[in-house]
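Here's protein11.tsv, which has TSV, C-alpha atoms:
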chain	number	residue	atom	x	y	z
Z	1	MET	CA	131.76	334.12	36.36
Z	2	ASN	CA	130.28	332.95	39.65
Z	3	PRO	CA	127.71	330.21	38.82
Z	4	ASP	CA	125.39	331.64	41.47
Z	5	PHE	CA	124.67	334.49	39.08
Z	6	ALA	CA	121.88	332.83	37.16
Z	7	ILE	CA	120.69	336.20	35.83
Z	8	VAL	CA	122.92	339.16	34.96
Z	9	LEU	CA	121.35	342.41	33.77
Z	10	ASN	CA	123.57	344.17	31.25
Z	11	PHE	CA	122.50	347.82	31.31
Z	12	LYS	CA	123.13	349.47	27.95
Z	13	ILE	CA	122.99	353.15	28.86
Z	14	ASN	CA	122.39	355.96	26.40
Z	15	GLY	CA	122.37	359.31	28.20
Z	16	ASN	CA	122.25	359.71	31.95
Z	17	ALA	CA	120.74	357.04	34.18
Z	18	ASP	CA	119.95	356.55	37.86
Z	19	ALA	CA	122.31	353.74	38.85
Z	20	ASP	CA	120.64	353.36	42.24
Z	21	PHE	CA	117.25	352.75	40.60
Z	22	LEU	CA	118.66	350.28	38.06
Z	23	VAL	CA	120.60	348.22	40.60
Z	24	LYS	CA	117.66	348.22	42.99
Z	25	THR	CA	115.45	346.99	40.12
Z	26	ALA	CA	117.89	344.14	39.46
Z	27	ARG	CA	117.96	343.20	43.15
Z	28	ASN	CA	114.18	343.30	43.44
Z	29	ILE	CA	113.58	340.92	40.53
Z	30	GLY	CA	116.08	338.33	41.78
Z	31	ALA	CA	119.20	339.11	39.75
Z	32	ARG	CA	122.44	338.95	41.73
Z	33	ALA	CA	124.77	340.65	39.27
Z	34	VAL	CA	124.74	343.55	36.85
Z	35	MET	CA	127.09	345.07	34.31
Z	36	THR	CA	127.10	348.40	32.55
Z	37	ASN	CA	128.76	350.30	29.72
Z	38	ALA	CA	128.76	353.64	31.60
Z	39	GLN	CA	128.73	355.37	35.00
Z	40	LYS	CA	130.90	352.68	36.61
Z	41	ASP	CA	131.50	354.70	39.80
Z	42	ASP	CA	127.77	355.23	40.32
Z	43	PHE	CA	127.11	351.53	39.79
Z	44	GLU	CA	129.85	350.50	42.21
Z	45	LYS	CA	128.19	352.58	44.95
Z	46	ALA	CA	124.74	351.23	44.16
Z	47	CYS	CA	125.96	347.62	44.00
Z	48	SER	CA	127.61	348.01	47.39
Z	49	LYS	CA	124.38	349.43	48.81
Z	50	TYR	CA	122.15	346.63	47.48
Z	51	THR	CA	124.68	343.76	47.76
Z	52	ILE	CA	124.78	343.12	44.03
Z	53	PHE	CA	127.90	342.02	42.17
Z	54	LEU	CA	129.20	344.41	39.49
Z	55	ALA	CA	130.58	342.15	36.78
Z	56	ASP	CA	132.95	343.11	34.01
Z	57	GLU	CA	131.05	343.99	30.86
Z	58	ALA	CA	130.48	341.05	28.51
Z	59	ASP	CA	128.29	340.24	25.55
Z	60	GLY	CA	124.64	339.81	26.44
Z	61	ILE	CA	121.62	338.71	24.49
Z	62	ASP	CA	118.50	340.56	23.46
Z	63	LEU	CA	115.38	338.92	24.84
Z	64	ASN	CA	111.71	339.77	25.18
Z	65	GLY	CA	108.99	338.99	27.66
Z	66	ASP	CA	107.96	335.90	25.70
Z	67	ASP	CA	111.28	334.10	25.62
Z	68	VAL	CA	113.16	335.35	28.66
Z	69	ILE	CA	112.06	332.67	31.17
Z	70	ASP	CA	112.63	329.81	28.72
Z	71	THR	CA	116.14	331.13	28.09
Z	72	ILE	CA	116.99	331.63	31.76
Z	73	VAL	CA	115.73	328.18	32.80
Z	74	ASN	CA	117.32	326.33	29.87
Z	75	ASN	CA	120.65	328.02	30.51
Z	76	ARG	CA	120.47	327.08	34.19
Z	77	GLN	CA	119.82	323.48	33.21
Z	78	ASN	CA	123.04	323.58	31.20
Z	79	GLY	CA	125.04	325.20	34.02
Z	80	LYS	CA	125.17	328.61	32.36
Z	81	ASN	CA	124.07	332.07	33.38
Z	82	THR	CA	122.01	334.43	31.23
Z	83	ILE	CA	123.34	337.91	30.48
Z	84	ILE	CA	120.37	340.01	29.38
Z	85	ASN	CA	120.81	343.31	27.54
Z	86	ILE	CA	118.64	346.04	29.08
Z	87	PRO	CA	118.55	349.24	26.98
Z	88	VAL	CA	118.25	352.41	29.06
Z	89	THR	CA	117.64	355.69	27.21
Z	90	ASP	CA	117.76	358.90	29.23
Z	91	GLY	CA	117.23	356.86	32.37
Z	92	LYS	CA	114.10	355.05	31.16
Z	93	PHE	CA	113.00	351.70	29.77
Z	94	ASP	CA	110.78	351.69	26.71
Z	95	ASP	CA	107.58	349.63	26.88
Z	96	ALA	CA	109.15	346.56	25.26
Z	97	THR	CA	112.11	346.62	27.64
Z	98	GLN	CA	109.88	347.09	30.70
Z	99	LYS	CA	108.27	343.71	29.97
Z	100	LEU	CA	111.59	342.01	30.71
Z	101	PRO	CA	111.94	342.93	34.40
Z	102	ASP	CA	108.18	342.55	34.87
Z	103	THR	CA	108.20	339.02	33.45
Z	104	ILE	CA	111.34	338.00	35.31
Z	105	ASN	CA	109.95	339.37	38.57
Z	106	SER	CA	106.67	337.45	38.26
Z	107	TRP	CA	108.51	334.14	37.83
Z	108	MET	CA	111.39	334.76	40.24
Z	109	HIS	CA	108.96	335.84	42.97
Z	110	LEU	CA	107.90	332.20	43.16
Z	111	PHE	CA	110.91	330.24	41.97
Z	112	GLY	CA	113.94	332.50	42.34
Z	113	HIS	CA	115.42	330.62	45.28
Z	114	ALA	CA	115.43	327.33	43.40
Z	115	LEU	CA	117.00	328.97	40.35
Z	116	ASN	CA	119.67	330.95	42.17
Z	117	GLU	CA	120.61	328.30	44.72
Z	118	GLY	CA	120.33	325.29	42.44
Z	119	LYS	CA	123.28	323.33	41.09
Z	120	HIS	CA	123.61	320.15	39.02
Z	121	SER	CA	122.00	317.06	40.52
Z	122	ASN	CA	122.82	313.43	39.78
Z	123	LEU	CA	119.13	312.56	40.03
Z	124	GLU	CA	117.22	311.99	36.82
Z	125	THR	CA	113.62	312.59	35.86
Z	126	ASP	CA	111.50	311.46	32.94
Z	127	ASN	CA	110.12	314.99	32.56
Z	128	GLY	CA	111.99	318.27	33.01
Z	129	PHE	CA	115.27	318.46	34.94
Z	130	ILE	CA	116.55	318.56	38.52
Z	131	LEU	CA	118.78	320.92	40.47
Z	132	GLU	CA	120.10	320.46	44.00
Z	133	ASN	CA	120.25	323.17	46.64
Z	134	ARG	CA	123.96	324.01	46.83
Z	135	HIS	CA	123.67	324.89	50.52
Z	136	ALA	CA	121.29	322.13	51.62
Z	137	ASP	CA	121.70	318.97	49.54
Z	138	TYR	CA	118.62	317.36	51.06
Z	139	GLN	CA	116.50	319.70	48.92
Z	140	LYS	CA	116.06	318.92	45.24
Z	141	TYR	CA	114.15	321.06	42.75
Z	142	VAL	CA	112.36	319.58	39.76
Z	143	PHE	CA	111.67	322.03	36.93
Z	144	VAL	CA	108.78	320.99	34.70
Z	145	LYS	CA	107.13	322.85	31.85
Z	146	ARG	CA	103.53	322.93	30.78
Z	147	PRO	CA	101.70	320.96	29.56
Z	148	LEU	CA	102.20	319.05	32.80
Z	149	PRO	CA	102.01	315.24	32.81
Z	150	GLU	CA	99.86	313.36	35.30
Z	151	LYS	CA	102.97	312.05	37.03
Z	152	ILE	CA	106.75	312.16	36.85
Z	153	VAL	CA	109.36	309.60	37.92
Z	154	VAL	CA	112.60	310.63	39.63
Z	155	SER	CA	115.44	308.09	39.72
Z	156	GLY	CA	118.53	307.91	41.90
Z	157	LEU	CA	117.26	308.60	45.41
Z	158	THR	CA	118.56	306.27	48.11
Z	159	GLN	CA	115.92	307.12	50.69
Z	160	GLU	CA	112.23	307.94	50.64
Z	161	PRO	CA	111.73	311.71	50.96
Z	162	ASN	CA	109.89	313.29	53.85
Z	163	ARG	CA	107.83	315.55	51.63
Z	164	VAL	CA	107.19	316.53	48.02
Z	165	GLU	CA	105.47	319.82	47.22
Z	166	TRP	CA	104.90	322.48	44.63
Z	167	ILE	CA	107.01	325.45	45.62
Z	168	ASP	CA	104.09	327.66	44.64
Z	169	HIS	CA	101.96	327.87	47.83
Z	170	ARG	CA	103.72	324.76	49.21
Z	171	ALA	CA	100.97	322.41	48.05
Z	172	ASP	CA	101.73	318.79	49.01
Z	173	LEU	CA	101.98	316.18	46.26
Z	174	ASP	CA	101.26	312.47	46.65
Z	175	PHE	CA	104.17	310.17	45.89
Z	176	ALA	CA	105.33	306.57	46.06
Z	177	PHE	CA	108.89	305.32	46.51
Z	178	LYS	CA	110.10	301.91	45.37
Z	179	ASP	CA	113.40	300.52	44.04
Z	180	SER	CA	115.07	303.96	44.17
Z	181	LYS	CA	112.34	305.42	41.97
Z	182	LEU	CA	110.10	308.21	43.20
Z	183	THR	CA	106.76	308.49	41.41
Z	184	ILE	CA	105.07	311.85	41.97
Z	185	ASN	CA	101.43	312.47	41.12
Z	186	LEU	CA	101.05	316.02	39.86
Z	187	THR	CA	98.11	318.25	40.66
Z	188	GLU	CA	97.39	321.59	39.03
Z	189	PRO	CA	99.53	324.30	40.67
Z	190	GLU	CA	97.94	327.59	41.60
Z	191	SER	CA	99.99	329.73	39.22
Z	192	ASP	CA	99.55	329.46	35.46
Z	193	LEU	CA	103.20	330.14	34.62
Z	194	ALA	CA	104.72	327.90	31.95
Z	195	TRP	CA	107.66	326.68	34.06
Z	196	GLN	CA	106.74	325.20	37.43
Z	197	VAL	CA	109.04	323.91	40.19
Z	198	LEU	CA	108.45	321.25	42.81
Z	199	ARG	CA	110.65	320.53	45.82
Z	200	ILE	CA	111.70	317.12	47.06
Z	201	GLN	CA	112.45	317.42	50.77
Z	202	ALA	CA	114.65	314.53	51.84
Z	203	HIS	CA	115.68	313.46	55.31
Z	204	ARG	CA	117.32	316.37	57.15
Z	205	PRO	CA	119.86	316.25	60.00
Z	206	GLU	CA	117.46	318.16	62.25
Z	207	ASP	CA	114.88	315.39	61.80
Z	208	ASP	CA	117.08	313.27	64.10
Z	209	ILE	CA	116.80	315.73	66.98
Z	210	ILE	CA	114.70	314.24	69.77
Z	211	HIS	CA	112.05	316.55	71.16
Z	212	THR	CA	112.64	317.27	74.82
Z	213	GLU	CA	110.16	318.80	77.25
Z	214	PHE	CA	111.34	320.83	80.20
Take the structure in this file and express it as structure tokens.
Amino acid sequence: MNPDFAIVLNFKINGNADADFLVKTARNIGARAVMTNAQKDDFEKACSKYTIFLADEADGIDLNGDDVIDTIVNNRQNGKNTIINIPVTDGKFDDATQKLPDTINSWMHLFGHALNEGKHSNLETDNGFILENRHADYQKYVFVKRPLPEKIVVSGLTQEPNRVEWIDHRADLDFAFKDSKLTINLTEPESDLAWQVLRIQAHRPEDDIIHTEF
């Protein structure tokens, strides 16, 4: 399966369901693929409309609002996607199931780009793990979990970065670079979510463009 599909919602349908609503829900919370056990034609139309991939049905896992983000992030660290079973009875989610898309949406609203676009990085950190933007390798994402340390050290960079920031609200972080080691002093991010993500913005090709006045 395409590694870009960090999250796949596996709709387990009992009775009739609104495929358009379900696929739109998946798109809105940051999932890029779905699968289903029923109404394949309806899902194909909805997936085409919302630019979501309809994957062949496979075994998923049952998660809840308390463990879903840990599972998604840990699987991404290991280069795997997460197929999440979503029960749908007569077109509706029960209260327990509804917590899944709600929880995923809250986290992905802030960090979905880093999760979906991230791939393995050769950089190392003494806390958490690092992914690299697959489309822009000058951007690295460091995933760290609470309780946050006062600082983290990233090894393997060959050049001092231009900027280091929390992705949440783009708050700048102080850093020092020496002997290929980047030491980042962490401040408290604005969100209280367990998993936080910071971005290391390295030298970009456009930084070499000379400003010209006409």
Practice task
Can you work out the spacing between CA of Asn133 (chain Z) and CA of Leu63 (chain Z) in Å, to one decimal?
Solution key: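 A separation of 27.3 Å between them.
Residues in contact range of Asp95 (chain Z), defined as at most 12 Å between all atoms listed in the file, with sequence neighbours fewer than 6 positions away removed, read Asn64, Gly65, Ile86, Pro87, Val88, Thr89, Pro101 and Asp102 of chain Z.
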Problem - From Z:Ile184, Z:Ala33, Z:Val153, Z:Ala19, residue lying nearest Ala46 (chain Z) [all atoms listed in the file] - result: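 Closest candidate: Z:Ala19.
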Fill in the blank from the handout: Computed gap from CA of Phe5 (chain Z) to CA of Phe21 (chain Z) is 19.8 Å
Problem - Shell of 9 Å around Lys80 (chain Z), only C-alpha atoms, local chain residues under 6 positions omitted, as a ChimeraX atom specification - result: /Z:3,5-6,72,74
Handout entry: Counting all atoms listed in the file, the residue of Z:Gly15, Z:Asp42, Z:Ala31, Z:Asn37 that sits nearest Glu117 (chain Z)
Key =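 Checking each candidate against Glu117 (chain Z), we get Z:Ala31 as the closest.
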Practice task
Can you work out which one of Z:Leu9, Z:Val73, Z:Asp18, Z:Phe175 has the shortest atom-to-atom distance to Glu57 (chain Z), counting only C-alpha atoms?
Solution key: Z:Leu9
Do you know which residues are at most 8 Å from Lys140 (chain Z) counting all atoms listed in the file, after dropping those on the same chain fewer than 6 positions away, and could you put them as a short mmCIF file (atom, residue, chain, number, x, y, z; two decimals) with C-alpha atoms, in the frame of the given file?
data_model
loop_
_atom_site.label_atom_id
_atom_site.label_comp_id
_atom_site.auth_asym_id
_atom_site.auth_seq_id
_atom_site.Cartn_x
_atom_site.Cartn_y
_atom_site.Cartn_z
CA SER Z 121 122.00 317.06 40.52
CA ILE Z 130 116.55 318.56 38.52
CA LEU Z 131 118.78 320.92 40.47
CA GLU Z 132 120.10 320.46 44.00
CA ASN Z 133 120.25 323.17 46.64
CA ARG Z 199 110.65 320.53 45.82
CA ILE Z 200 111.70 317.12 47.06
CA GLN Z 201 112.45 317.42 50.77
#
Exercise for the section: Find the distance between CA of Asp179 (chain Z) and CA of Ile167 (chain Z) and write it in Å to one decimal. Expected result: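 Spanning CA of Asp179 (chain Z) to CA of Ile167 (chain Z) is a straight-line distance of 25.8 Å.
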Exercise for the section: Check the smallest atom-to-atom distance from each of Z:Thr71, Z:Thr25, Z:Asn10, Z:Asn162 to Trp195 (chain Z) using all atoms listed in the file, then report the winner. Expected result: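 For Trp195 (chain Z), the nearest of the candidates is Z:Thr71.
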Exercise for the section: Find the residue from Z:Thr125, Z:His203, Z:Lys24, Z:Lys151 that sits nearest to Phe53 (chain Z); use all atoms listed in the file when measuring. Expected result: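 Nearest candidate to Phe53 (chain Z) out of Z:Thr125, Z:His203, Z:Lys24, Z:Lys151: Z:Lys24.
Distances here use all atoms listed in the file; by that measure, the residue among Z:Phe177, Z:Phe11, Z:Tyr50, Z:Phe143 closest to Leu198 (chain Z) is Z:Phe143.
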Per-axis box centre and lengths in Å around region 108-112 of chain Z, 6 Å margin per side, axis-aligned, as lines of an AutoDock Vina configuration file:
center_x = 110.9
center_y = 333.0
center_z = 41.7
size_x = 18.0
size_y = 17.6
size_z = 14.9
Using only C-alpha atoms, collect all residues at a distance of at most 12 Å from (106.5, 306.7, 42.6) as written in the file, then present them as a PDB file with C-alpha atoms, in the frame of the given file.
ATOM      1  CA  THR Z 125     113.620 312.590  35.860  1.00  0.00           C
ATOM      2  CA  ASP Z 126     111.500 311.460  32.940  1.00  0.00           C
ATOM      3  CA  GLU Z 150      99.860 313.360  35.300  1.00  0.00           C
ATOM      4  CA  LYS Z 151     102.970 312.050  37.030  1.00  0.00           C
ATOM      5  CA  ILE Z 152     106.750 312.160  36.850  1.00  0.00           C
ATOM      6  CA  VAL Z 153     109.360 309.600  37.920  1.00  0.00           C
ATOM      7  CA  VAL Z 154     112.600 310.630  39.630  1.00  0.00           C
ATOM      8  CA  SER Z 155     115.440 308.090  39.720  1.00  0.00           C
ATOM      9  CA  LEU Z 157     117.260 308.600  45.410  1.00  0.00           C
ATOM     10  CA  GLU Z 160     112.230 307.940  50.640  1.00  0.00           C
ATOM     11  CA  PRO Z 161     111.730 311.710  50.960  1.00  0.00           C
ATOM     12  CA  VAL Z 164     107.190 316.530  48.020  1.00  0.00           C
ATOM     13  CA  LEU Z 173     101.980 316.180  46.260  1.00  0.00           C
ATOM     14  CA  ASP Z 174     101.260 312.470  46.650  1.00  0.00           C
ATOM     15  CA  PHE Z 175     104.170 310.170  45.890  1.00  0.00           C
ATOM     16  CA  ALA Z 176     105.330 306.570  46.060  1.00  0.00           C
ATOM     17  CA  PHE Z 177     108.890 305.320  46.510  1.00  0.00           C
ATOM     18  CA  LYS Z 178     110.100 301.910  45.370  1.00  0.00           C
ATOM     19  CA  ASP Z 179     113.400 300.520  44.040  1.00  0.00           C
ATOM     20  CA  SER Z 180     115.070 303.960  44.170  1.00  0.00           C
ATOM     21  CA  LYS Z 181     112.340 305.420  41.970  1.00  0.00           C
ATOM     22  CA  LEU Z 182     110.100 308.210  43.200  1.00  0.00           C
ATOM     23  CA  THR Z 183     106.760 308.490  41.410  1.00  0.00           C
ATOM     24  CA  ILE Z 184     105.070 311.850  41.970  1.00  0.00           C
ATOM     25  CA  ASN Z 185     101.430 312.470  41.120  1.00  0.00           C
ATOM     26  CA  LEU Z 186     101.050 316.020  39.860  1.00  0.00           C
TER      27      LEU Z 186
END
Problem - Sphere at (118.9, 364.5, 35.5), radius 9 Å, counting all atoms listed in the file: residues as a list in words - result: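 Here the neighbourhood of the point contains Asn16, Ala17, Asp18, Asp90 and Gly91 of chain Z.
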